[in-house]
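Novice: Structure supplied as target-v9.cif; contents: mmCIF, C-alpha atoms.
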data_coords
#
loop_
_atom_site.label_atom_id
_atom_site.label_comp_id
_atom_site.auth_asym_id
_atom_site.auth_seq_id
_atom_site.Cartn_x
_atom_site.Cartn_y
_atom_site.Cartn_z
CA MET A 1 -75.42 166.98 13.93
CA ILE A 2 -74.81 166.29 17.62
CA ALA A 3 -78.09 168.05 18.52
CA THR A 4 -79.97 165.72 16.17
CA ILE A 5 -78.39 162.62 17.63
CA VAL A 6 -78.79 163.66 21.26
CA HIS A 7 -82.39 164.98 21.12
CA THR A 8 -81.44 168.15 22.96
CA ASP A 9 -85.02 169.02 23.95
CA GLU A 10 -85.56 165.70 25.72
CA LEU A 11 -82.18 166.01 27.39
CA LEU A 12 -82.82 169.54 28.67
CA GLN A 13 -86.32 168.63 29.87
CA THR A 14 -84.91 165.60 31.68
CA VAL A 15 -82.19 167.69 33.32
CA ALA A 16 -84.64 170.43 34.38
CA ALA A 17 -87.24 168.00 35.74
CA SER A 18 -84.57 165.95 37.54
CA VAL A 19 -83.12 169.00 39.24
CA ILE A 20 -86.51 170.37 40.27
CA ALA A 21 -87.94 167.03 41.41
CA GLY A 22 -84.76 165.65 42.99
CA ILE A 23 -83.88 168.75 44.97
CA GLY A 24 -87.52 169.73 45.55
CA VAL A 25 -88.61 166.38 47.00
CA THR A 26 -85.55 166.16 49.24
CA PHE A 27 -86.12 169.73 50.45
CA LEU A 28 -89.82 169.08 51.14
CA PHE A 29 -89.12 165.82 52.93
CA SER A 30 -86.45 167.53 55.02
CA LEU A 31 -89.00 170.23 55.82
CA GLY A 32 -91.36 167.49 56.99
CA ILE A 33 -88.68 166.17 59.34
CA TRP A 34 -87.92 169.72 60.48
CA GLY A 35 -91.63 170.23 61.22
CA ALA A 36 -91.79 167.05 63.29
CA GLY A 37 -88.61 167.97 65.18
CA GLN A 38 -89.75 171.52 65.85
CA PHE A 39 -93.19 170.32 66.94
CA THR A 40 -91.60 168.02 69.52
CA GLU A 41 -89.21 170.70 70.80
CA LEU A 42 -91.78 173.49 70.97
CA SER A 43 -94.39 171.27 72.59
CA ARG A 44 -91.87 170.42 75.31
CA SER A 45 -91.18 174.11 75.90
CA GLU A 46 -94.95 174.71 76.08
CA ARG A 47 -95.31 176.93 73.01
CA PRO A 48 -98.43 175.37 71.47
CA VAL A 49 -99.04 177.95 68.72
CA ALA A 50 -95.51 177.77 67.35
CA ALA A 51 -95.59 173.97 67.72
CA THR A 52 -98.82 173.76 65.74
CA ALA A 53 -97.44 176.06 63.03
CA ALA A 54 -94.34 173.88 62.69
CA ALA A 55 -96.50 170.75 62.54
CA VAL A 56 -98.65 172.30 59.79
CA VAL A 57 -95.57 173.27 57.74
CA GLY A 58 -94.20 169.76 58.14
CA ALA A 59 -97.50 168.10 57.28
CA VAL A 60 -97.99 170.23 54.15
CA ALA A 61 -94.45 169.45 53.03
CA LEU A 62 -95.04 165.71 53.52
CA LEU A 63 -98.32 165.94 51.61
CA CYS A 64 -96.43 167.54 48.72
CA VAL A 65 -93.94 164.63 48.85
CA ALA A 66 -96.85 162.17 48.77
CA GLY A 67 -98.15 164.04 45.70
CA ALA A 68 -94.74 163.76 44.05
CA VAL A 69 -94.64 160.00 44.73
CA ALA A 70 -98.14 159.61 43.25
CA THR A 71 -96.99 161.60 40.21
CA GLY A 72 -94.01 159.26 39.88
CA ILE A 73 -96.30 156.23 39.83
CA VAL A 74 -98.55 157.89 37.24
CA VAL A 75 -95.47 158.60 35.08
CA MET A 76 -94.56 154.90 35.24
CA THR A 77 -98.04 153.73 34.28
CA HIS A 78 -98.41 156.18 31.38
CA LYS A 79 -95.09 155.85 29.61
CA MET B 1 -87.58 121.66 14.13
CA ASP B 2 -84.25 123.51 14.48
CA SER B 3 -86.00 126.88 14.64
CA ASP B 4 -88.29 125.62 17.42
CA VAL B 5 -85.30 124.41 19.42
CA ILE B 6 -83.49 127.74 18.92
CA LEU B 7 -86.64 129.61 19.97
CA VAL B 8 -86.90 127.59 23.19
CA ILE B 9 -83.19 128.23 23.89
CA VAL B 10 -83.58 131.98 23.23
CA VAL B 11 -86.59 132.20 25.57
CA ALA B 12 -84.75 130.29 28.32
CA THR B 13 -81.60 132.40 27.83
CA ALA B 14 -83.63 135.64 27.90
CA LEU B 15 -85.20 134.57 31.20
CA ALA B 16 -81.73 133.68 32.51
CA PHE B 17 -80.57 137.17 31.52
CA ASP B 18 -83.63 138.62 33.27
CA PHE B 19 -82.67 136.70 36.41
CA THR B 20 -79.09 138.03 36.31
CA ASN B 21 -80.50 141.52 35.65
CA GLY B 22 -82.57 141.36 38.84
CA PHE B 23 -79.72 139.70 40.74
CA HIS B 24 -77.18 142.25 39.51
CA ASP B 25 -79.39 145.30 40.05
CA THR B 26 -80.76 144.44 43.50
CA ALA B 27 -78.07 146.75 44.84
CA ASN B 28 -79.50 149.75 42.99
CA VAL B 29 -82.72 149.44 44.94
CA VAL B 30 -81.75 148.13 48.36
CA ALA B 31 -78.09 148.94 49.05
CA THR B 32 -78.64 152.40 50.54
CA SER B 33 -81.61 151.23 52.65
CA ILE B 34 -79.61 148.30 54.03
CA SER B 35 -76.52 150.42 54.58
CA THR B 36 -78.33 153.06 56.66
CA GLY B 37 -80.42 150.52 58.57
CA ALA B 38 -83.68 151.75 57.01
CA ALA B 39 -84.66 148.13 56.45
CA ARG B 40 -83.30 144.73 57.42
CA PRO B 41 -81.57 143.06 54.43
CA GLN B 42 -84.05 140.25 53.85
CA VAL B 43 -87.02 142.59 54.31
CA ALA B 44 -85.54 145.15 51.89
CA ILE B 45 -84.82 142.48 49.29
CA GLY B 46 -88.22 140.81 49.70
CA PHE B 47 -89.94 144.20 49.31
CA ALA B 48 -87.81 145.10 46.27
CA SER B 49 -88.48 141.70 44.72
CA LEU B 50 -92.24 142.08 45.14
CA LEU B 51 -92.24 145.60 43.68
CA ASN B 52 -90.05 144.51 40.75
CA PHE B 53 -92.66 141.81 40.04
CA VAL B 54 -95.53 144.31 40.23
CA GLY B 55 -93.57 146.87 38.19
CA ALA B 56 -93.21 144.42 35.32
CA PHE B 57 -97.01 144.40 34.88
CA ILE B 58 -97.46 148.19 35.04
CA SER B 59 -96.71 148.97 31.42
CA ILE B 60 -95.78 147.09 28.26
CA SER B 61 -95.66 150.13 26.01
CA VAL B 62 -91.92 149.98 25.53
CA ALA B 63 -91.65 146.23 25.40
CA ALA B 64 -89.66 146.47 22.21
CA THR B 65 -86.05 145.45 22.41
CA VAL B 66 -83.64 147.97 23.82
CA ALA B 67 -81.40 146.98 20.96
CA LYS B 68 -83.76 147.99 18.15
CA ASP B 69 -82.52 151.57 18.15
CA VAL B 70 -78.90 150.56 17.84
CA VAL B 71 -79.04 147.54 15.54
CA ASP B 72 -80.83 147.17 12.20
CA ALA B 73 -83.90 145.09 13.11
CA GLU B 74 -83.92 143.51 9.63
CA VAL B 75 -80.73 141.58 10.31
CA ILE B 76 -81.70 140.24 13.73
CA THR B 77 -82.08 136.46 13.92
CA PRO B 78 -82.78 134.32 16.97
CA THR B 79 -79.15 133.15 16.98
CA ILE B 80 -77.90 136.77 17.04
CA VAL B 81 -80.23 137.48 19.96
CA PHE B 82 -79.02 134.31 21.70
CA ALA B 83 -75.35 135.24 21.31
CA GLY B 84 -76.07 138.80 22.50
CA LEU B 85 -77.82 137.45 25.59
CA ILE B 86 -74.84 135.20 26.36
CA GLY B 87 -72.56 138.27 26.11
CA ALA B 88 -74.80 140.20 28.49
CA ILE B 89 -75.15 137.35 30.99
CA ALA B 90 -71.40 136.73 30.97
CA TRP B 91 -70.59 140.41 31.60
CA ASN B 92 -73.22 140.60 34.36
CA LEU B 93 -71.64 137.59 36.08
CA ILE B 94 -68.09 138.91 35.65
CA THR B 95 -68.95 142.33 37.14
CA TRP B 96 -70.97 140.64 39.89
CA TYR B 97 -67.94 138.49 40.76
CA PHE B 98 -65.83 141.62 41.19
CA GLY B 99 -68.65 143.40 43.04
CA LEU B 100 -68.92 146.12 40.39
CA PRO B 101 -72.28 147.75 39.65
CA SER B 102 -72.56 147.99 35.86
CA SER B 103 -75.52 148.53 33.56
CA SER B 104 -77.40 145.37 32.52
CA SER B 105 -79.03 147.36 29.69
CA HIS B 106 -75.64 148.34 28.30
CA ALA B 107 -74.47 144.73 28.62
CA LEU B 108 -77.50 143.59 26.60
CA ILE B 109 -77.02 146.29 23.97
CA GLY B 110 -73.30 145.52 23.77
CA GLY B 111 -73.94 141.80 23.44
CA VAL B 112 -76.48 142.21 20.65
CA VAL B 113 -74.32 144.78 18.82
CA GLY B 114 -71.31 142.45 19.01
CA SER B 115 -73.20 139.41 17.74
CA ALA B 116 -74.87 141.46 14.96
CA VAL B 117 -71.49 142.81 13.86
CA ALA B 118 -70.05 139.30 13.88
CA ALA B 119 -73.00 138.13 11.78
CA VAL B 120 -73.32 140.86 9.14
CA GLY B 121 -70.62 143.46 9.78
CA PHE B 122 -70.64 147.05 11.02
CA ASP B 123 -73.47 147.99 8.63
CA ALA B 124 -75.81 146.39 11.16
CA VAL B 125 -75.06 149.11 13.74
CA ILE B 126 -77.15 152.29 13.80
CA ALA B 127 -74.45 154.72 14.89
CA GLU B 128 -76.89 157.53 15.60
CA GLY B 129 -78.87 155.31 17.97
CA LEU B 130 -75.73 154.02 19.65
CA VAL B 131 -74.49 157.54 20.37
CA GLY B 132 -77.84 159.17 21.14
CA LYS B 133 -79.53 156.38 23.09
CA VAL B 134 -76.56 154.74 24.79
CA LEU B 135 -73.29 156.68 24.90
CA ILE B 136 -74.57 160.21 25.65
CA PRO B 137 -77.05 159.00 28.31
CA ALA B 138 -74.21 156.97 29.87
CA VAL B 139 -72.30 160.22 30.39
CA VAL B 140 -75.32 162.31 31.40
CA ALA B 141 -76.83 159.86 33.96
CA PRO B 142 -74.10 159.73 36.61
CA ILE B 143 -73.20 163.43 36.27
CA LEU B 144 -76.82 164.54 36.58
CA ALA B 145 -77.52 162.25 39.54
CA PHE B 146 -74.22 163.32 41.16
CA LEU B 147 -75.12 167.02 40.93
CA VAL B 148 -78.75 166.59 42.01
CA ALA B 149 -77.89 164.36 44.98
CA GLY B 150 -74.99 166.65 45.95
CA ALA B 151 -77.25 169.70 45.97
CA ALA B 152 -80.03 167.77 47.73
CA ILE B 153 -77.81 166.60 50.60
CA GLY B 154 -76.48 170.16 51.08
CA ILE B 155 -80.05 171.45 51.39
CA SER B 156 -81.06 168.57 53.68
CA TYR B 157 -78.24 169.28 56.11
CA ARG B 158 -79.18 172.98 56.16
CA VAL B 159 -82.86 172.27 56.83
CA VAL B 160 -82.47 169.62 59.55
CA GLY B 161 -79.04 170.58 60.84
CA ARG B 162 -80.26 171.78 64.25
CA GLN B 163 -82.74 168.99 64.90
CA ARG B 164 -82.14 166.08 67.25
CA PRO B 165 -80.23 163.33 65.41
CA GLY B 166 -82.71 160.64 66.47
CA ILE B 167 -85.74 162.12 64.76
CA VAL B 168 -83.68 163.09 61.69
CA SER B 169 -82.29 159.58 61.19
CA ARG B 170 -85.68 157.95 61.80
CA GLY B 171 -87.37 160.35 59.38
CA TYR B 172 -84.95 159.78 56.54
CA ARG B 173 -85.05 156.02 57.10
CA TYR B 174 -88.83 156.05 56.67
CA GLY B 175 -88.33 158.17 53.56
CA GLN B 176 -85.90 155.62 52.19
CA ILE B 177 -88.53 152.90 52.36
CA VAL B 178 -90.75 154.99 50.06
CA SER B 179 -87.98 156.11 47.69
CA GLY B 180 -86.60 152.55 47.58
CA GLY B 181 -90.08 151.27 46.75
CA LEU B 182 -90.39 153.77 43.88
CA LEU B 183 -87.00 152.71 42.54
CA ALA B 184 -87.96 149.03 42.69
CA LEU B 185 -91.21 149.69 40.82
CA ALA B 186 -89.38 151.75 38.19
CA HIS B 187 -86.74 149.04 37.84
CA GLY B 188 -89.34 146.31 37.34
CA THR B 189 -91.16 148.45 34.78
CA ASN B 190 -88.04 149.34 32.80
CA ASP B 191 -85.88 146.26 33.03
CA ALA B 192 -88.38 143.39 32.83
CA GLN B 193 -89.59 144.94 29.58
CA LYS B 194 -86.20 144.39 27.99
CA THR B 195 -86.68 140.64 28.41
CA MET B 196 -90.30 140.82 27.27
CA GLY B 197 -89.08 142.67 24.18
CA ILE B 198 -86.34 140.15 23.44
CA ILE B 199 -88.69 137.16 23.78
CA THR B 200 -91.40 138.90 21.74
CA LEU B 201 -88.86 139.72 19.02
CA ALA B 202 -87.79 136.06 18.91
CA LEU B 203 -91.44 134.95 18.70
CA ILE B 204 -92.07 137.40 15.84
CA ALA B 205 -88.88 136.37 14.03
CA SER B 206 -89.92 132.71 14.22
CA GLY B 207 -93.44 133.43 12.98
CA GLU B 208 -95.16 132.55 16.26
CA LEU B 209 -96.50 136.14 16.57
CA GLY B 210 -97.52 138.83 14.12
CA ALA B 211 -95.16 141.74 13.46
CA GLU B 212 -97.13 144.22 15.58
CA ALA B 213 -98.10 141.82 18.37
CA ASP B 214 -97.88 142.75 22.04
CA PRO B 215 -96.09 140.38 24.39
CA PRO B 216 -98.37 137.46 25.35
CA PHE B 217 -99.35 137.15 29.01
CA TRP B 218 -97.02 134.19 29.60
CA VAL B 219 -94.09 136.33 28.42
CA ILE B 220 -95.02 139.16 30.81
CA ALA B 221 -95.59 136.77 33.72
CA SER B 222 -92.40 134.78 33.17
CA SER B 223 -90.29 137.95 32.75
CA ALA B 224 -91.79 139.42 35.93
CA THR B 225 -91.12 136.20 37.81
CA ALA B 226 -87.52 135.91 36.57
CA ILE B 227 -86.55 139.47 37.52
CA ALA B 228 -88.30 139.15 40.89
CA LEU B 229 -86.52 135.86 41.65
CA GLY B 230 -83.22 137.39 40.57
CA THR B 231 -83.81 140.38 42.82
CA TYR B 232 -84.74 138.08 45.71
CA SER B 233 -81.50 136.13 45.25
CA GLY B 234 -79.63 139.35 45.98
CA GLY B 235 -76.24 140.19 44.47
CA TRP B 236 -74.53 140.71 47.81
CA ARG B 237 -71.13 141.55 46.40
CA ILE B 238 -72.56 144.55 44.54
CA ILE B 239 -74.82 145.51 47.46
CA LYS B 240 -71.69 145.71 49.60
CA THR B 241 -69.91 147.95 47.07
CA THR B 242 -72.88 150.24 46.49
CA GLY B 243 -73.97 150.41 50.12
CA THR B 244 -70.71 150.67 52.01
CA ARG B 245 -67.64 150.89 49.81
CA ILE B 246 -68.30 154.08 47.80
CA ILE B 247 -69.15 156.24 50.83
CA LYS B 248 -69.95 155.64 54.48
CA MET B 249 -73.57 156.67 54.33
CA ASP B 250 -75.86 158.30 56.88
CA ALA B 251 -79.65 158.19 56.55
CA ALA B 252 -79.88 161.68 55.00
CA GLN B 253 -77.32 160.75 52.36
CA GLY B 254 -79.13 157.49 51.66
CA PHE B 255 -82.40 159.34 51.18
CA SER B 256 -80.82 162.06 49.03
CA ALA B 257 -79.16 159.47 46.78
CA GLN B 258 -82.35 157.42 46.43
CA GLY B 259 -84.65 160.44 46.16
CA ALA B 260 -82.46 162.12 43.55
CA GLY B 261 -82.09 158.77 41.76
CA SER B 262 -85.85 158.21 41.66
CA ALA B 263 -86.44 161.76 40.39
CA VAL B 264 -83.83 161.45 37.65
CA ILE B 265 -85.08 158.03 36.50
CA LEU B 266 -88.74 159.06 36.47
CA ALA B 267 -87.95 162.36 34.71
CA SER B 268 -85.96 160.50 32.06
CA THR B 269 -88.79 157.98 31.67
CA HIS B 270 -91.33 160.76 31.24
CA PHE B 271 -89.32 162.71 28.66
CA GLY B 272 -88.13 159.66 26.76
CA PHE B 273 -84.41 160.07 27.45
CA PRO B 274 -83.45 156.62 28.75
CA LEU B 275 -80.90 156.54 31.58
CA SER B 276 -79.38 153.50 33.28
CA THR B 277 -80.65 152.88 36.84
CA THR B 278 -77.19 151.68 37.82
CA HIS B 279 -75.45 154.82 36.55
CA VAL B 280 -78.03 157.07 38.21
CA ILE B 281 -77.97 155.42 41.64
CA ASN B 282 -74.21 155.14 41.83
CA GLY B 283 -73.78 158.72 40.61
CA GLY B 284 -76.32 159.77 43.25
CA ILE B 285 -74.43 157.96 46.02
CA MET B 286 -71.17 159.63 44.98
CA GLY B 287 -72.96 163.00 44.87
CA ALA B 288 -74.47 162.49 48.31
CA GLY B 289 -71.00 161.72 49.63
CA ALA B 290 -69.25 164.57 47.84
CA GLY B 291 -72.00 167.00 48.91
CA LYS B 292 -70.93 166.42 52.48
CA ARG B 293 -67.18 166.33 51.84
CA LEU B 294 -65.27 165.51 48.64
CA SER B 295 -62.94 163.21 50.54
CA ALA B 296 -65.96 161.26 51.83
CA VAL B 297 -66.07 159.47 48.47
CA ARG B 298 -63.64 156.60 48.03
CA TRP B 299 -62.52 157.68 44.58
CA GLY B 300 -60.51 154.51 44.04
CA VAL B 301 -63.69 152.43 44.29
CA ALA B 302 -65.53 154.99 42.14
CA GLY B 303 -62.72 154.72 39.56
CA ASN B 304 -63.10 150.93 39.39
CA ILE B 305 -66.81 151.40 38.79
CA PHE B 306 -66.17 153.91 36.00
CA VAL B 307 -63.77 151.48 34.35
CA ALA B 308 -66.44 148.75 34.50
CA TRP B 309 -68.92 151.14 32.87
CA LEU B 310 -66.43 151.95 30.10
CA LEU B 311 -65.76 148.27 29.49
CA THR B 312 -69.38 147.10 29.55
CA LEU B 313 -70.27 147.75 25.90
CA PRO B 314 -67.03 146.51 24.29
CA ALA B 315 -66.65 143.52 26.61
CA ALA B 316 -70.24 142.33 26.21
CA ALA B 317 -69.92 142.97 22.46
CA ALA B 318 -66.74 140.90 22.27
CA ILE B 319 -68.32 137.99 24.15
CA GLY B 320 -71.49 138.25 22.05
CA GLY B 321 -69.46 138.32 18.83
CA LEU B 322 -67.29 135.38 19.84
CA THR B 323 -70.36 133.40 20.89
CA TYR B 324 -72.01 134.05 17.53
CA GLY B 325 -68.82 133.02 15.72
CA PHE B 326 -68.65 129.82 17.76
CA THR B 327 -72.26 128.88 17.00
CA ARG B 328 -71.65 129.38 13.28
CA ILE B 329 -68.87 126.77 13.34
CA PHE B 330 -71.70 124.28 13.65
CA GLY B 331 -73.84 125.82 10.91
CA THR B 332 -77.07 127.76 11.18
CA GLY B 333 -79.00 125.06 13.03
CA ALA B 334 -79.61 124.48 16.71
CA LEU B 335 -76.39 122.57 17.44
CA GLY B 336 -74.28 125.70 18.05
CA PRO B 337 -76.71 127.31 20.54
CA ILE B 338 -77.20 123.93 22.26
CA LEU B 339 -73.44 123.49 22.72
CA VAL B 340 -73.00 127.07 23.99
CA THR B 341 -75.87 126.56 26.44
CA LEU B 342 -74.34 123.31 27.72
CA MET B 343 -70.93 124.98 28.09
CA ALA B 344 -72.43 127.96 29.90
CA LEU B 345 -74.36 125.70 32.27
CA SER B 346 -71.20 123.66 32.95
CA LEU B 347 -69.27 126.85 33.76
CA VAL B 348 -71.98 128.04 36.16
CA VAL B 349 -72.13 124.65 37.91
CA ALA B 350 -68.32 124.54 38.15
CA ALA B 351 -68.22 128.08 39.58
CA PHE B 352 -70.81 127.25 42.24
CA ALA B 353 -69.07 123.99 43.10
CA ARG B 354 -65.73 125.83 43.48
CA ARG B 355 -67.33 128.44 45.66
CA ALA B 356 -69.02 125.81 47.81
CA GLN B 357 -65.58 124.25 48.37
CA ARG B 358 -63.99 127.60 49.27
CA GLY B 359 -66.57 128.61 51.88
CA ALA B 360 -69.71 130.59 52.51
CA PRO B 361 -70.82 133.14 49.93
CA VAL B 362 -71.14 136.85 50.59
CA THR B 363 -74.60 137.22 52.14
CA ALA B 364 -76.61 139.59 54.29
CA ALA B 365 -75.21 137.98 57.41
CA GLY B 366 -71.73 137.53 56.11
CA GLY B 367 -71.47 141.01 54.65
#
Please go through the file and, once you have read it, give me the structure as structure tokens.

Specialist:
Amino acid sequence: MIATIVHTDELLQTVAASVIAGIGVTFLFSLGIWGAGQFTELSRSERPVAATAAAVVGAVALLCVAGAVATGIVVMTHK
Amino acid sequence: MDSDVILVIVVATALAFDFTNGFHDTANVVATSISTGAARPQVAIGFASLLNFVGAFISISVAATVAKDVVDAEVITPTIVFAGLIGAIAWNLITWYFGLPSSSSHALIGGVVGSAVAAVGFDAVIAEGLVGKVLIPAVVAPILAFLVAGAAIGISYRVVGRQRPGIVSRGYRYGQIVSGGLLALAHGTNDAQKTMGIITLALIASGELGAEADPPFWVIASSATAIALGTYSGGWRIIKTTGTRIIKMDAAQGFSAQGAGSAVILASTHFGFPLSTTHVINGGIMGAGAGKRLSAVRWGVAGNIFVAWLLTLPAAAAIGGLTYGFTRIFGTGALGPILVTLMALSLVVAAFARRAQRGAPVTAAGG
């Protein structure tokens, strides 16, 4: 009875997607900030390879965030 | 003639509700950004207002009334809709006065349920819809956002914990501009459609539109304008509560709350499990605070907010029901709605006059 009223599938899908997207986007954005911070630090200590690697990690993470934002806008326009 | 007058009153009241919806929910979108200094107050509100306007045009696919799943559509009349809107507007203004973030959607549903019950009895209520579409989501939304934001802030602190504070704060503040923008778009898309749905329903009920008609352009444009103007007016009392009174927020917490909130709202939109923006954002803020330290959340303030959430449906329903009962004293014509409208306008004017006498309102500058 309760399962019929609540639409358990939709609820579970919402919970799963929220957890993955909410935690995932925050993690990736934090990784972007980490990359920027590490790039600055490592560049100062003249370690160009490590600095570049950190910058690449950060940039990829931020690109993933941009993709998630674009997905969010698509979700809004297609509901 | 009477039906035309009632239709005009319903449209005007729906737009007034839309304005209070934007006004009341500004905090959901901008409070964390203002609180962490990610954006200056007027800039944040102007940006949110613009995106709410744009959001209202993005989709009209759910521009049916939010109440149709909880009230038998066959019994709905323009006067029931009018009384429900008065219940929702009144509850929005009451919670705004006390600086409490409560759900405008729940206020609207409560108002319409109350007026429908007053009109035709409890048979008008679709219990399954009320439980499945309103009550369960009301419990799920804040808990889910709380847990997601709590986990997100824990991960954020681990990832950036050893970085220089300057770059971390700047980074999250930039992120908040994007997550705030997404929230504003989502809010415009979701909430302006409630008004479009109400006006469209009234137009259908009065025979101005066919049963399957989409909202006309003037309905979309006026709903978008009303919610954007309401957002631009800024409900500073609620912004203060959401932004500073629940937790003392740093930029990472602000981003986690907004990012988790956006994710939860968009996920619920995608999977068709409607959650209140207000419940999600406030749950997210509490989660972002508790994720750092449980005592970082002012649980007394959180408790007041929970009480407001619990009261929203019954209080809006009671006001909606009483309003409907009052209109019926004057028959089924336009006189009842006209008198209620005049009384409501008098109350609003009196409240503003009293406030003008007592001093400056709570604003961005005044805090």

Novice: Could you list as a list in words every residue that has an atom within 12 Å of (-71.2, 140.6, 11.1), using the file's coordinates and counting all atoms listed in the file?

Specialist: Val71, Asp72, Val75, Ile76, Thr77, Ile80, Val112, Val113, Gly114, Ser115, Ala116, Val117, Ala118, Ala119, Val120, Gly121, Phe122, Asp123, Ala124, Val125, Ala317, Gly320, Gly321, Leu322, Tyr324, Gly325 and Arg328 of chain B

Novice: Next, write the just-selected residues to a file, as a tab-separated table (two decimals), in the coordinates of the input, keeping C-alpha atoms as the atom set.

Specialist:
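What follows is the written file part29.tsv:
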chain	number	residue	atom	x	y	z
B	71	VAL	CA	-79.04	147.54	15.54
B	72	ASP	CA	-80.83	147.17	12.20
B	75	VAL	CA	-80.73	141.58	10.31
B	76	ILE	CA	-81.70	140.24	13.73
B	77	THR	CA	-82.08	136.46	13.92
B	80	ILE	CA	-77.90	136.77	17.04
B	112	VAL	CA	-76.48	142.21	20.65
B	113	VAL	CA	-74.32	144.78	18.82
B	114	GLY	CA	-71.31	142.45	19.01
B	115	SER	CA	-73.20	139.41	17.74
B	116	ALA	CA	-74.87	141.46	14.96
B	117	VAL	CA	-71.49	142.81	13.86
B	118	ALA	CA	-70.05	139.30	13.88
B	119	ALA	CA	-73.00	138.13	11.78
B	120	VAL	CA	-73.32	140.86	9.14
B	121	GLY	CA	-70.62	143.46	9.78
B	122	PHE	CA	-70.64	147.05	11.02
B	123	ASP	CA	-73.47	147.99	8.63
B	124	ALA	CA	-75.81	146.39	11.16
B	125	VAL	CA	-75.06	149.11	13.74
B	317	ALA	CA	-69.92	142.97	22.46
B	320	GLY	CA	-71.49	138.25	22.05
B	321	GLY	CA	-69.46	138.32	18.83
B	322	LEU	CA	-67.29	135.38	19.84
B	324	TYR	CA	-72.01	134.05	17.53
B	325	GLY	CA	-68.82	133.02	15.72
B	328	ARG	CA	-71.65	129.38	13.28

Novice: Pull out every residue of chain A sitting within 7 Å of chain B, counting all atoms listed in the file, and send them as a PyMOL selection string.

Specialist: chain A and resi 5-6+10-11+13-14+17-19+21-23+26-27+30-31+33-34+37+72+75-77+79

Novice: Can you tell me how far atom CA of B:Val340 sits from atom CA of B:Asp4, in Å to one decimal?

Specialist: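 Atom CA of B:Asp4 lies at a distance of 16.7 Å from atom CA of B:Val340.
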
Novice: Go through the shown structure with the PyMOL selection byres ((chain B and resi 232) around 10) and write out the matching residues as number ranges by chain.

Specialist: B: 19, 22-23, 26, 42-50, 52, 226-231, 233-235

Novice: Find the residues near B:His106: any atom within 12 Å, counting only C-alpha atoms, skip ones fewer than 3 places away on the same chain, and give them as JSON, numbers by chain.

Specialist: {"B": [21, 66, 67, 70, 84, 85, 87, 88, 89, 91, 92, 101, 102, 103, 109, 110, 111, 112, 113, 114, 130, 133, 134, 135, 137, 138, 191, 194, 274, 275, 276, 277, 278, 279, 308, 309, 310, 311, 312, 313, 314, 315, 316, 317]}

Novice: Atom CA of B:Phe53 and atom CA of B:Val8, how far apart in Å?

Specialist: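 The value is 22.8 Å.
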
Novice: Pick out the residues sitting within 8 Å of B:Ile204, and hand them over as a PyMOL selection string; count all atoms listed in the file, and ignore anything fewer than 6 positions along from it in its own chain.

Specialist: chain B and resi 210-211+213

Novice: Please, what distance in Å, to one decimal, runs between atom CA of B:Ala39 and atom CA of B:Phe352?

Specialist: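 The value is 28.8 Å.
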
Novice: Would you kindly translate the PyMOL selection byres ((chain A and resi 52) around 10) into the concrete residues it picks from this file, as a CSV table (one decimal) with C-alpha atoms, keeping the file's coordinate frame?

Specialist:
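Output saved as out.csv:
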chain,number,residue,atom,x,y,z
A,35,GLY,CA,-91.6,170.2,61.2
A,38,GLN,CA,-89.8,171.5,65.8
A,39,PHE,CA,-93.2,170.3,66.9
A,40,THR,CA,-91.6,168.0,69.5
A,42,LEU,CA,-91.8,173.5,71.0
A,43,SER,CA,-94.4,171.3,72.6
A,47,ARG,CA,-95.3,176.9,73.0
A,48,PRO,CA,-98.4,175.4,71.5
A,49,VAL,CA,-99.0,178.0,68.7
A,50,ALA,CA,-95.5,177.8,67.4
A,51,ALA,CA,-95.6,174.0,67.7
A,53,ALA,CA,-97.4,176.1,63.0
A,54,ALA,CA,-94.3,173.9,62.7
A,55,ALA,CA,-96.5,170.8,62.5
A,56,VAL,CA,-98.6,172.3,59.8
A,57,VAL,CA,-95.6,173.3,57.7
A,58,GLY,CA,-94.2,169.8,58.1

Novice: Just say which residues the PyMOL selection byres ((chain A and resi 61) around 8) picks in this file, as a PDB file with C-alpha atoms, in the frame of the given file.

Specialist:
ATOM      1  CA  LEU A  28     -89.820 169.080  51.140  1.00  0.00           C
ATOM      2  CA  PHE A  29     -89.120 165.820  52.930  1.00  0.00           C
ATOM      3  CA  LEU A  31     -89.000 170.230  55.820  1.00  0.00           C
ATOM      4  CA  GLY A  32     -91.360 167.490  56.990  1.00  0.00           C
ATOM      5  CA  VAL A  57     -95.570 173.270  57.740  1.00  0.00           C
ATOM      6  CA  GLY A  58     -94.200 169.760  58.140  1.00  0.00           C
ATOM      7  CA  ALA A  59     -97.500 168.100  57.280  1.00  0.00           C
ATOM      8  CA  VAL A  60     -97.990 170.230  54.150  1.00  0.00           C
ATOM      9  CA  LEU A  62     -95.040 165.710  53.520  1.00  0.00           C
ATOM     10  CA  LEU A  63     -98.320 165.940  51.610  1.00  0.00           C
ATOM     11  CA  CYS A  64     -96.430 167.540  48.720  1.00  0.00           C
ATOM     12  CA  VAL A  65     -93.940 164.630  48.850  1.00  0.00           C
TER      13      VAL A  65
END

Novice: From the set B:Met343, B:Ala202, B:Ala107, B:Ala318, which residue has the shortest atom-to-atom contact distance to B:Val5, counting all atoms listed in the file?

Specialist: B:Ala202

Novice: Once 6 Å is added on each side, what are the centre and the three edge lengths, in Å to one decimal, of the axis-aligned box enclosing the listed atoms of stretch 38-43 of chain A? Present them as lines of an AutoDock Vina configuration file.

Specialist:
center_x = -91.8
center_y = 170.8
center_z = 69.2
size_x = 17.2
size_y = 17.5
size_z = 18.7
